[in-house]
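**Q** I am attaching a structure below and will ask some questions about it afterwards.
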Amino acid sequence: NIYIHKDGTMLVQENIEYDFGSALRHGIYRDIPYRYSSGLTKYSVRLDVEDVTNFNDDPYIYKVSQSGGWTNIRIGDPDRKITGTHNYRIEYSVKGAIGFFEDHDELYWNVTGDEWRVPILSSGANVYFDQDIAEGVMAACYTGAYGSTDQDCTHNITKSSVKFSTTGSLNGGERLTIIVGVPKGIIEEPSQLSKSLWFLYDNLAFGLPFITFFTLFYFWRTKGKDPEGKGVIAVKYEPPEDLAPAEAGTLIDERANILDITSTVIDLAVRGFLTIEELKSSTFFFFTNTDYKLIRTEKSDEGLKSYEEQVLSGIFSGKETVKVSELRNKFYTKLPGIKKALYKELVSKQYFPTNPENVRSIYKWIGIGSMILGFFLLAIFPLGLCIGISGLIILIFSRYMPRKTKKGSLKNEELLGFREFIDRAEKDRIERLAKEDPTLFDRVLPYALVFGLEDKWAGAFKDMYKEPPNWYHSANYGNAFSPNIFVNDIGRSLGVMNRSLSSTPRRSGSSGFSSGGGFSGGGSGGGGGGSW
C-alpha cells in the first residue's frame with residue numbers, strides 16, 4: 001500500500017508473507033535502494049523506516065542500516081530460529097520519489113525489485129491519494145527482469161486509488177514495476193531552491209566546483225582583495241621618490257616580469273651605472289642584425305638596491321663590456337634571485353604583507369595538483385571531472401590572491417596618478433617642467449616603458465629633445481635625432497634584452513599533453529530480500 005500525500009511525501013506499507021518451509025531461519029531481510037543514477041547525475045530518495053510488525057501489529061525485532069546507496073532492514077531475533085510461513089509488515093516514509101513533468105506528475109515505483117532470489121507467487125500494490133482524482137489519472141505496469149516490457153499484470157483506477165496485481169508468479173530476479181500519472185496540481189511541486197539543494201546534496205561532486213569557487217571568492221574578499229585607498233586618483237608630476245621603475249611595475253600588477261627587469265637596465269643606464277651601444281651588422285642582402293653592447297661605467301655600486309646589484313653582476317660577471325647576445329641561455333639563471341630580491345624590497349617597504357609570488361605559487365600548485373588528480377580519477381565520473389574543474393578554478397584564482405597592504409594601495413594610487421600624467425603628456429606643462437629639470441625625459445622614460453606609454457612620452461618631447469642621451473649610443477643618429485626614433489630604438493633594444501635575458505637552453509624531445517516508454521525496473525523502490 002502506497003499513500004501519496006499532497007506535499008509529495010509517501011508512506012509505504014509492505015505486507016510480505018514468507019514461507020521458510022522446513023529451513024531454520026531467524027527471519028527475513030529487505031534491501032531497498034535509495035540512491036539512483038539518471039544519465040550523468042545521481043538522485044536520492046529520503047527513506048526512513050518507521051515500524052516493522054506482523055499483520056496483527058505485533059512488533060518484530062529489527063535493525064536498520066545504510067550502506068552504498070541501500071537501506072538494509074534485518075528482521076528477526078538473532079537468538080531464535082523459525083520455520084514455516086510468517087508475515088511481515090514494513091512501514092517506511094519516502095520523500096523525493098515523485099517525478100514532476102510539464103503536463104503531469106508521476107510515481108514510477110518498483111514494487112518488488114530484482115534482488116529477490118526466491119520466486120514470488122503473487123505481487124500487487126494499491127496507490128492512494130489524499131483526494132479523489134479518478135479523472136485524468138494514468139496507469140501502467142510492467143513485469144520481468146530489468147528492461148523488460150512484459151505486462152503480465154493488471155491495473156484498476158477508482159476515484160480514490162489505483163490497484164495493481166500480477167497475473168502470475170514472478171521468478172527470482174523478476175520484478176513488478178508500476179507507473180501512476182496524475183494531473184498537475186494534485187501534488188505540490190517543490191520550489192526550485194529545494195530542487196537545487198537536493199540536486200547538490202545528491203551530486204556533491206557536481207557541487208564541488210561551486211563550493212570551490214565560493215570558498216575562493218570568500219578568501220579573495222578577506223585575504224586577497226587589496227585594501228581600499230583614498231578612492232581618488234590625483235595626477236602626479238614626479239616619479240615616486242622611493243620606488244624605482246621595476247618596483248612601480250611590480251606593485252601595480254603584483255608581478256615581477258621580464259619588462260620590470262629590463263626597465264631596470266635602462267634605469268641604471270640613466271643613472272650612470274652603464275651605457276648602451278647599438279651594434280648593427282649586415283646578415284643577408286639588405287637585412288641587418290641588431291645587437292647591443294652594455295658597458296660598465298666606473299660609478300660605484302654604493303646605494304644600489306639588492307636586486308639592482310644582482311642585475312649588474314648578472315650582466316657583467318666581472319667584465320667591463322658584454323654583448324646582449326652573449327647573455328642568451330645564461331642570464332635566465334639569475335632571474336629567480338632578482339625577482340625574489342625585488343619582492344623582498346617591496347615587502348620591506350611594507351607595500352606587500354608577504355611575497356606575492358609565494359602566495360600565487362601555493363594556490364597554483366594546489367590547482368595543478370587537483371587537475372592532475374582529477375585526470376587520474378576521470379574513470380570515477382563525475383568525481384574526477386569535478387576535481388579537475390575545481391583545480392582549474394583554483395589555478396585561475398591564484399592570479400588574484402596576492403594583496404597589497406594599505407600603504408601599498410595608497411602608493412598604487414600615486415603610481416596611477418603619475419601614469420595619468422605620462423598618458424596625458426600635456427605639452428605646455430611638460431615644457432615648463434623640462435625647463436626646470438632638463439633630466440625629466442630620461443628620468444621618466446623607464447617608468448613610461450613599464451607603463452607601456454613610451455611613445456606618448458616621446459611625442460611630448462618631439463620639439464624639445466634634440467640631442468641623444470649620453471648613456472645610449474647609435475651610429476644612426478648624427479643630425480637626425482628625434483625622441484620618437486630614440487624610443488623606437490629603445491623599444492627594439494628592450495625586445496632584444498627581453499628575449500636574451502629570459503632565454504633558456506632548448507631541451508630535446510617534446511611533451512603534450514526520449515524517451516521510449518516504461519519498462520520493468522525503471523523507477524524508484526525495488527531492491528530485494530531473502531531469509532537469514
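Ordered as shown in the C-alpha cells, chains take letters A, B, and onward, while each chain numbers its residues from 1 and ligands are numbered from 1 in the order shown.
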List every residue of range 409-484 of chain A that DSSP, applied to the backbone of this structure, places in alpha helix (DSSP H), and write the result as a PyMOL selection string.

**A** chain A and resi 409-424+427-436+440-451+454-460+483-484

**Q** Residues at most 10 Å from range 340-351 of chain A, counting only C-alpha atoms, excluding those fewer than 5 positions away in the same chain, as a PyMOL selection string?

**A** chain A and resi 242-243+246-248+250-251+254-256+260-261+305-310+335+356-358+403-412

**Q** Include N, CA and C atoms and write out the residues we just selected as a compact mmCIF listing (two decimals), in the first residue's frame.

**A**
```txt
# COMPACT_ATOMS: atom_id res chain seq x y z
N ASP A 242 60.54 56.87 -3.65
CA ASP A 242 61.01 55.64 -3.02
C ASP A 242 60.77 54.39 -3.87
N LEU A 243 60.35 54.56 -5.12
CA LEU A 243 60.08 53.41 -5.97
C LEU A 243 60.79 53.55 -7.31
N ALA A 246 61.17 49.34 -11.79
CA ALA A 246 60.84 47.92 -11.63
C ALA A 246 59.90 47.71 -10.45
N GLU A 247 60.12 48.48 -9.38
CA GLU A 247 59.26 48.35 -8.21
C GLU A 247 57.86 48.89 -8.51
N ALA A 248 57.79 49.97 -9.29
CA ALA A 248 56.50 50.53 -9.66
C ALA A 248 55.70 49.54 -10.50
N THR A 250 56.04 46.31 -10.60
CA THR A 250 55.71 45.14 -9.79
C THR A 250 54.57 45.43 -8.84
N LEU A 251 54.55 46.64 -8.28
CA LEU A 251 53.49 46.99 -7.34
C LEU A 251 52.15 47.07 -8.05
N GLU A 254 51.45 43.42 -9.27
CA GLU A 254 51.79 42.43 -8.24
C GLU A 254 52.59 41.27 -8.82
N ARG A 255 53.35 41.56 -9.85
CA ARG A 255 54.13 40.51 -10.51
C ARG A 255 55.43 41.11 -11.06
N ALA A 256 56.55 40.49 -10.73
CA ALA A 256 57.85 40.90 -11.28
C ALA A 256 58.06 40.15 -12.59
N ASP A 260 59.99 44.45 -16.18
CA ASP A 260 60.45 45.15 -14.99
C ASP A 260 61.97 45.02 -14.86
N ILE A 261 62.50 43.85 -15.20
CA ILE A 261 63.94 43.63 -15.09
C ILE A 261 64.69 44.46 -16.14
N LYS A 305 70.21 49.00 -4.71
CA LYS A 305 69.41 48.01 -4.00
C LYS A 305 69.87 46.61 -4.39
N SER A 306 69.48 45.63 -3.60
CA SER A 306 69.97 44.27 -3.80
C SER A 306 69.66 43.75 -5.20
N TYR A 307 68.42 43.95 -5.66
CA TYR A 307 68.07 43.41 -6.98
C TYR A 307 68.81 44.14 -8.09
N GLU A 308 69.11 45.45 -7.88
CA GLU A 308 69.88 46.20 -8.88
C GLU A 308 71.31 45.69 -8.94
N GLU A 309 71.89 45.40 -7.78
CA GLU A 309 73.25 44.83 -7.77
C GLU A 309 73.27 43.49 -8.49
N GLN A 310 72.23 42.67 -8.27
CA GLN A 310 72.17 41.36 -8.93
C GLN A 310 72.01 41.50 -10.44
N LEU A 335 67.44 35.22 -12.90
CA LEU A 335 66.12 35.84 -12.77
C LEU A 335 65.41 35.49 -11.47
N PRO A 356 54.31 38.16 -2.98
CA PRO A 356 53.11 37.77 -3.75
C PRO A 356 53.33 36.53 -4.61
N GLU A 357 54.57 36.30 -5.02
CA GLU A 357 54.84 35.12 -5.83
C GLU A 357 54.65 33.85 -5.02
N ASN A 358 55.00 33.89 -3.73
CA ASN A 358 54.78 32.72 -2.88
C ASN A 358 53.29 32.42 -2.72
N ARG A 403 48.00 40.26 -2.33
CA ARG A 403 47.36 41.52 -1.98
C ARG A 403 48.40 42.54 -1.54
N LYS A 404 48.03 43.79 -1.66
CA LYS A 404 48.85 44.89 -1.17
C LYS A 404 48.45 45.21 0.27
N THR A 405 49.29 45.94 0.95
CA THR A 405 48.92 46.48 2.25
C THR A 405 48.15 47.79 2.03
N LYS A 406 47.66 48.36 3.09
CA LYS A 406 47.00 49.67 2.99
C LYS A 406 47.97 50.68 2.42
N LYS A 407 49.20 50.64 2.90
CA LYS A 407 50.23 51.55 2.38
C LYS A 407 50.47 51.30 0.90
N GLY A 408 50.45 50.01 0.51
CA GLY A 408 50.66 49.68 -0.89
C GLY A 408 49.52 50.17 -1.77
N SER A 409 48.28 50.10 -1.27
CA SER A 409 47.15 50.59 -2.05
C SER A 409 47.23 52.09 -2.26
N LEU A 410 47.64 52.82 -1.21
CA LEU A 410 47.80 54.27 -1.34
C LEU A 410 48.90 54.62 -2.33
N LYS A 411 50.01 53.88 -2.25
CA LYS A 411 51.11 54.12 -3.19
C LYS A 411 50.69 53.75 -4.61
N ASN A 412 49.88 52.73 -4.74
CA ASN A 412 49.40 52.33 -6.07
C ASN A 412 48.58 53.46 -6.69
```

**Q** Residues of range 89-309 of chain A in strand (DSSP E or B) according to DSSP, as a VMD selection string?

**A** chain A and resid 89 to 95 98 to 100 105 to 112 120 124 to 129 138 to 144 150 153 to 157 161 to 166 170 175 to 182 274 to 284 287 to 296

**Q** Quick one: of A:Lys230, A:Lys63, A:His473, A:Arg424, who's nearest to Ala448 in chain A, counting only C-alpha atoms?

**A**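 That would be A:Arg424, the residue with the smallest distance to Ala448 in chain A.
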
**Q** Rank A:Ile389, A:Ile490, A:Leu216, A:Ile2 by their smallest atom-to-atom distance to Val162 in chain A, using only C-alpha atoms, and report the top residue only.

**A**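 Checking each candidate against Val162 in chain A, we get A:Ile2 as the closest.
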
**Q** Identify, on the basis of only C-alpha atoms, every residue whose closest approach to Ala269 in chain A does not exceed 12 Å; exclude the query and any residue fewer than 3 positions from it along the same chain; express the result as a ChimeraX atom specification.

**A** /A:262-266,272-277,294-297,299,308,311-312,442-443,445-446,469-473,490

**Q** Output C-alpha atoms of each residue in that selection to a file, as a compact mmCIF listing (two decimals), in the first residue's frame.

**A**
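That gives us again-v7.txt:
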```
# COMPACT_ATOMS: atom_id res chain seq x y z
CA THR A 262 64.92 45.16 -18.44
CA SER A 263 63.50 48.55 -17.40
CA THR A 264 65.98 48.34 -14.54
CA VAL A 265 68.79 48.11 -17.11
CA ILE A 266 67.52 51.33 -18.75
CA GLY A 272 75.08 56.43 -14.92
CA PHE A 273 75.93 52.82 -13.96
CA LEU A 274 76.27 51.60 -17.56
CA THR A 275 75.96 52.73 -21.16
CA ILE A 276 74.24 51.04 -24.09
CA GLU A 277 75.77 50.96 -27.57
CA LEU A 294 76.50 47.05 -22.49
CA ILE A 295 79.45 48.95 -20.99
CA ARG A 296 80.01 49.16 -17.26
CA THR A 297 80.97 52.64 -16.03
CA LYS A 299 80.45 54.63 -10.93
CA GLU A 308 69.88 46.20 -8.88
CA VAL A 311 71.14 42.75 -12.33
CA LEU A 312 74.53 44.39 -12.81
CA ASP A 442 65.47 60.47 -19.10
CA ARG A 443 64.25 60.07 -15.52
CA LEU A 445 61.45 57.19 -19.56
CA PRO A 446 61.98 53.91 -17.59
CA PRO A 469 71.41 60.96 -24.20
CA ASN A 470 74.96 60.25 -23.13
CA TRP A 471 74.04 56.75 -21.95
CA TYR A 472 72.81 55.47 -25.35
CA HIS A 473 74.98 55.48 -28.48
CA ILE A 490 64.94 51.72 -27.00
```

**Q** Using Å and a single decimal, report how far CA of Cys141 in chain A sits from CA of Lys159 in chain A.

**A**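 Spanning CA of Lys159 in chain A to CA of Cys141 in chain A is a straight-line distance of 18.8 Å.
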
**Q** Tell me which of A:Glu454, A:Glu50, A:Glu426, A:Glu102 sits closest to Glu14 in chain A, counting only C-alpha atoms.

**A**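 Comparing A:Glu454, A:Glu50, A:Glu426, A:Glu102 against Glu14 in chain A, the winner is A:Glu50.
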
**Q** So that each row is one residue of range 276-383 of chain A with an atom at most 12 Å from range 192-207 of chain A, can you give its shortest atom pair and the distance in Å to one decimal, using only C-alpha atoms, rows by chain and rising number, as JSON lines?

**A**
```
{"residue": "A:Gly374", "atom": "CA", "partner": "A:Ala205", "partner_atom": "CA", "distance": 11.4}
{"residue": "A:Ile380", "atom": "CA", "partner": "A:Ala205", "partner_atom": "CA", "distance": 10.4}
{"residue": "A:Phe381", "atom": "CA", "partner": "A:Ala205", "partner_atom": "CA", "distance": 8.8}
{"residue": "A:Pro382", "atom": "CA", "partner": "A:Ala205", "partner_atom": "CA", "distance": 6.4}
{"residue": "A:Leu383", "atom": "CA", "partner": "A:Ala205", "partner_atom": "CA", "distance": 5.1}
```

**Q** At a cut-off of 8 Å, using only C-alpha atoms, what residues contact Tyr29 in chain A? Leave out same-chain residues fewer than 4 positions from it and give the result as a list in words.

**A**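 Close residues of Tyr29 in chain A: Asn72, Ile73, Arg74, Ile75, Gly529, Gly530, Ser531 and Trp532 of chain A.
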
**Q** Restricting the output to all heavy atoms, write the selected residues as an mmCIF file, in the first residue's frame.

**A**
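To be explicit, this is the file written out as out_15.cif:
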```cif
data_model
loop_
_atom_site.group_PDB
_atom_site.id
_atom_site.type_symbol
_atom_site.label_atom_id
_atom_site.label_comp_id
_atom_site.auth_asym_id
_atom_site.auth_seq_id
_atom_site.Cartn_x
_atom_site.Cartn_y
_atom_site.Cartn_z
ATOM 1 N N ASN A 72 19.195 -1.355 4.432
ATOM 2 C CA ASN A 72 19.021 -2.769 4.783
ATOM 3 C C ASN A 72 18.192 -2.871 6.062
ATOM 4 O O ASN A 72 18.506 -2.251 7.069
ATOM 5 C CB ASN A 72 20.370 -3.453 4.989
ATOM 6 C CG ASN A 72 20.232 -4.873 5.508
ATOM 7 O OD1 ASN A 72 20.323 -5.128 6.701
ATOM 8 N ND2 ASN A 72 19.993 -5.799 4.595
ATOM 9 N N ILE A 73 17.124 -3.666 5.987
ATOM 10 C CA ILE A 73 16.270 -3.916 7.148
ATOM 11 C C ILE A 73 16.381 -5.399 7.484
ATOM 12 O O ILE A 73 15.951 -6.254 6.699
ATOM 13 C CB ILE A 73 14.803 -3.554 6.854
ATOM 14 C CG1 ILE A 73 14.702 -2.137 6.254
ATOM 15 C CG2 ILE A 73 13.960 -3.656 8.121
ATOM 16 C CD1 ILE A 73 13.344 -1.831 5.666
ATOM 17 N N ARG A 74 16.978 -5.701 8.627
ATOM 18 C CA ARG A 74 17.136 -7.099 9.057
ATOM 19 C C ARG A 74 16.119 -7.365 10.166
ATOM 20 O O ARG A 74 16.177 -6.742 11.230
ATOM 21 C CB ARG A 74 18.557 -7.360 9.536
ATOM 22 C CG ARG A 74 18.841 -8.815 9.901
ATOM 23 C CD ARG A 74 20.307 -9.006 10.237
ATOM 24 N NE ARG A 74 21.140 -8.834 9.045
ATOM 25 C CZ ARG A 74 21.499 -9.825 8.226
ATOM 26 N NH1 ARG A 74 21.103 -11.062 8.487
ATOM 27 N NH2 ARG A 74 22.256 -9.600 7.181
ATOM 28 N N ILE A 75 15.198 -8.290 9.899
ATOM 29 C CA ILE A 75 14.070 -8.538 10.803
ATOM 30 C C ILE A 75 14.210 -9.928 11.417
ATOM 31 O O ILE A 75 14.438 -10.905 10.704
ATOM 32 C CB ILE A 75 12.730 -8.444 10.044
ATOM 33 C CG1 ILE A 75 12.646 -7.127 9.258
ATOM 34 C CG2 ILE A 75 11.552 -8.571 11.002
ATOM 35 C CD1 ILE A 75 11.501 -7.091 8.266
ATOM 36 N N GLY A 529 15.345 -9.039 -1.176
ATOM 37 C CA GLY A 529 15.452 -9.544 0.172
ATOM 38 C C GLY A 529 15.612 -11.054 0.176
ATOM 39 O O GLY A 529 15.843 -11.675 -0.856
ATOM 40 N N GLY A 530 15.496 -11.606 1.338
ATOM 41 C CA GLY A 530 15.651 -13.043 1.490
ATOM 42 C C GLY A 530 15.607 -13.399 2.955
ATOM 43 O O GLY A 530 15.237 -12.591 3.804
ATOM 44 N N SER A 531 16.013 -14.581 3.275
ATOM 45 C CA SER A 531 15.990 -15.019 4.671
ATOM 46 C C SER A 531 17.410 -15.056 5.216
ATOM 47 O O SER A 531 18.382 -15.116 4.472
ATOM 48 C CB SER A 531 15.356 -16.414 4.769
ATOM 49 O OG SER A 531 16.131 -17.362 4.043
ATOM 50 N N TRP A 532 17.492 -15.062 6.567
ATOM 51 C CA TRP A 532 18.813 -15.142 7.202
ATOM 52 C C TRP A 532 18.735 -16.025 8.437
ATOM 53 O O TRP A 532 17.693 -16.233 8.995
ATOM 54 C CB TRP A 532 19.318 -13.738 7.571
ATOM 55 C CG TRP A 532 18.538 -13.054 8.644
ATOM 56 C CD1 TRP A 532 17.302 -12.478 8.533
ATOM 57 C CD2 TRP A 532 18.930 -12.858 10.009
ATOM 58 N NE1 TRP A 532 16.888 -11.935 9.713
ATOM 59 C CE2 TRP A 532 17.875 -12.147 10.648
ATOM 60 C CE3 TRP A 532 20.052 -13.219 10.773
ATOM 61 C CZ2 TRP A 532 17.917 -11.802 11.995
ATOM 62 C CZ3 TRP A 532 20.098 -12.848 12.109
ATOM 63 C CH2 TRP A 532 19.038 -12.165 12.719
#
```

**Q** Find the residues near Ile368 in chain A: any atom within 8 Å, counting only C-alpha atoms, skip ones fewer than 3 places away on the same chain, and give them as a list in words.

**A** Lys364, Trp365, Met371, Ile372, Gly391, Leu392 and Leu395 of chain A

**Q** Next, dump the selected residues to file, keeping only all heavy atoms, as a short mmCIF file (atom, residue, chain, number, x, y, z; two decimals), in the first residue's frame.

**A**
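See again_3.cif below for the written result:
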```cif
data_model
loop_
_atom_site.label_atom_id
_atom_site.label_comp_id
_atom_site.auth_asym_id
_atom_site.auth_seq_id
_atom_site.Cartn_x
_atom_site.Cartn_y
_atom_site.Cartn_z
N LYS A 364 48.60 28.05 -6.99
CA LYS A 364 48.85 27.47 -8.32
C LYS A 364 49.13 25.98 -8.22
O LYS A 364 48.56 25.19 -8.98
CB LYS A 364 50.04 28.18 -8.98
CG LYS A 364 50.36 27.65 -10.37
CD LYS A 364 51.55 28.39 -10.98
CE LYS A 364 52.85 27.97 -10.32
NZ LYS A 364 54.03 28.55 -10.98
N TRP A 365 49.97 25.58 -7.29
CA TRP A 365 50.34 24.16 -7.21
C TRP A 365 49.20 23.33 -6.63
O TRP A 365 49.05 22.15 -7.00
CB TRP A 365 51.61 23.99 -6.40
CG TRP A 365 52.81 24.46 -7.16
CD1 TRP A 365 53.61 25.53 -6.88
CD2 TRP A 365 53.32 23.89 -8.37
NE1 TRP A 365 54.57 25.67 -7.84
CE2 TRP A 365 54.43 24.67 -8.76
CE3 TRP A 365 52.95 22.80 -9.15
CZ2 TRP A 365 55.17 24.39 -9.90
CZ3 TRP A 365 53.68 22.51 -10.29
CH2 TRP A 365 54.77 23.29 -10.66
N MET A 371 44.11 19.27 -10.61
CA MET A 371 43.84 18.92 -12.01
C MET A 371 44.47 17.57 -12.37
O MET A 371 43.86 16.76 -13.07
CB MET A 371 44.37 20.02 -12.93
CG MET A 371 43.60 21.33 -12.81
SD MET A 371 44.32 22.68 -13.76
CE MET A 371 44.00 22.12 -15.44
N ILE A 372 45.67 17.32 -11.88
CA ILE A 372 46.33 16.03 -12.13
C ILE A 372 45.54 14.91 -11.46
O ILE A 372 45.30 13.85 -12.06
CB ILE A 372 47.78 16.07 -11.64
CG1 ILE A 372 48.61 17.06 -12.48
CG2 ILE A 372 48.41 14.67 -11.70
CD1 ILE A 372 50.01 17.28 -11.96
N GLY A 391 40.27 22.28 -9.68
CA GLY A 391 41.68 22.64 -9.79
C GLY A 391 41.89 23.81 -10.73
O GLY A 391 42.71 24.70 -10.47
N LEU A 392 41.15 23.81 -11.84
CA LEU A 392 41.26 24.93 -12.80
C LEU A 392 40.79 26.23 -12.16
O LEU A 392 41.40 27.29 -12.37
CB LEU A 392 40.43 24.61 -14.04
CG LEU A 392 40.41 25.70 -15.14
CD1 LEU A 392 41.82 25.94 -15.66
CD2 LEU A 392 39.48 25.29 -16.27
N LEU A 395 43.48 27.44 -9.95
CA LEU A 395 44.57 27.96 -10.77
C LEU A 395 44.26 29.38 -11.25
O LEU A 395 45.13 30.25 -11.24
CB LEU A 395 44.81 27.03 -11.96
CG LEU A 395 46.10 27.25 -12.76
CD1 LEU A 395 47.32 27.06 -11.89
CD2 LEU A 395 46.15 26.29 -13.95
#
```

**Q** Quick one: residues within 12 Å of Thr143 in chain A, only C-alpha atoms counted, chain neighbours fewer than 3 positions away excluded, as a ChimeraX atom specification?

**A** /A:110-114,120,122-124,140,146-154,164-171,173-179,518-522

**Q** Using only C-alpha atoms, find the one residue out of A:Pro505, A:Ala145, A:Pro336, A:Thr354 that sits nearest to Gly172 in chain A.

**A**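 Nearest to Gly172 in chain A: A:Ala145.
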
**Q** What separation in Å, quoted to one decimal, exists between CA of Tyr92 in chain A and CA of Asn1 in chain A?

**A** 10.9 Å

**Q** Which one of A:Gly417, A:Pro402, A:Ile258, A:Asn355 sits closest to Ser500 in chain A if you count only C-alpha atoms?

**A**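 Of all the options, A:Ile258 lies closest to Ser500 in chain A.
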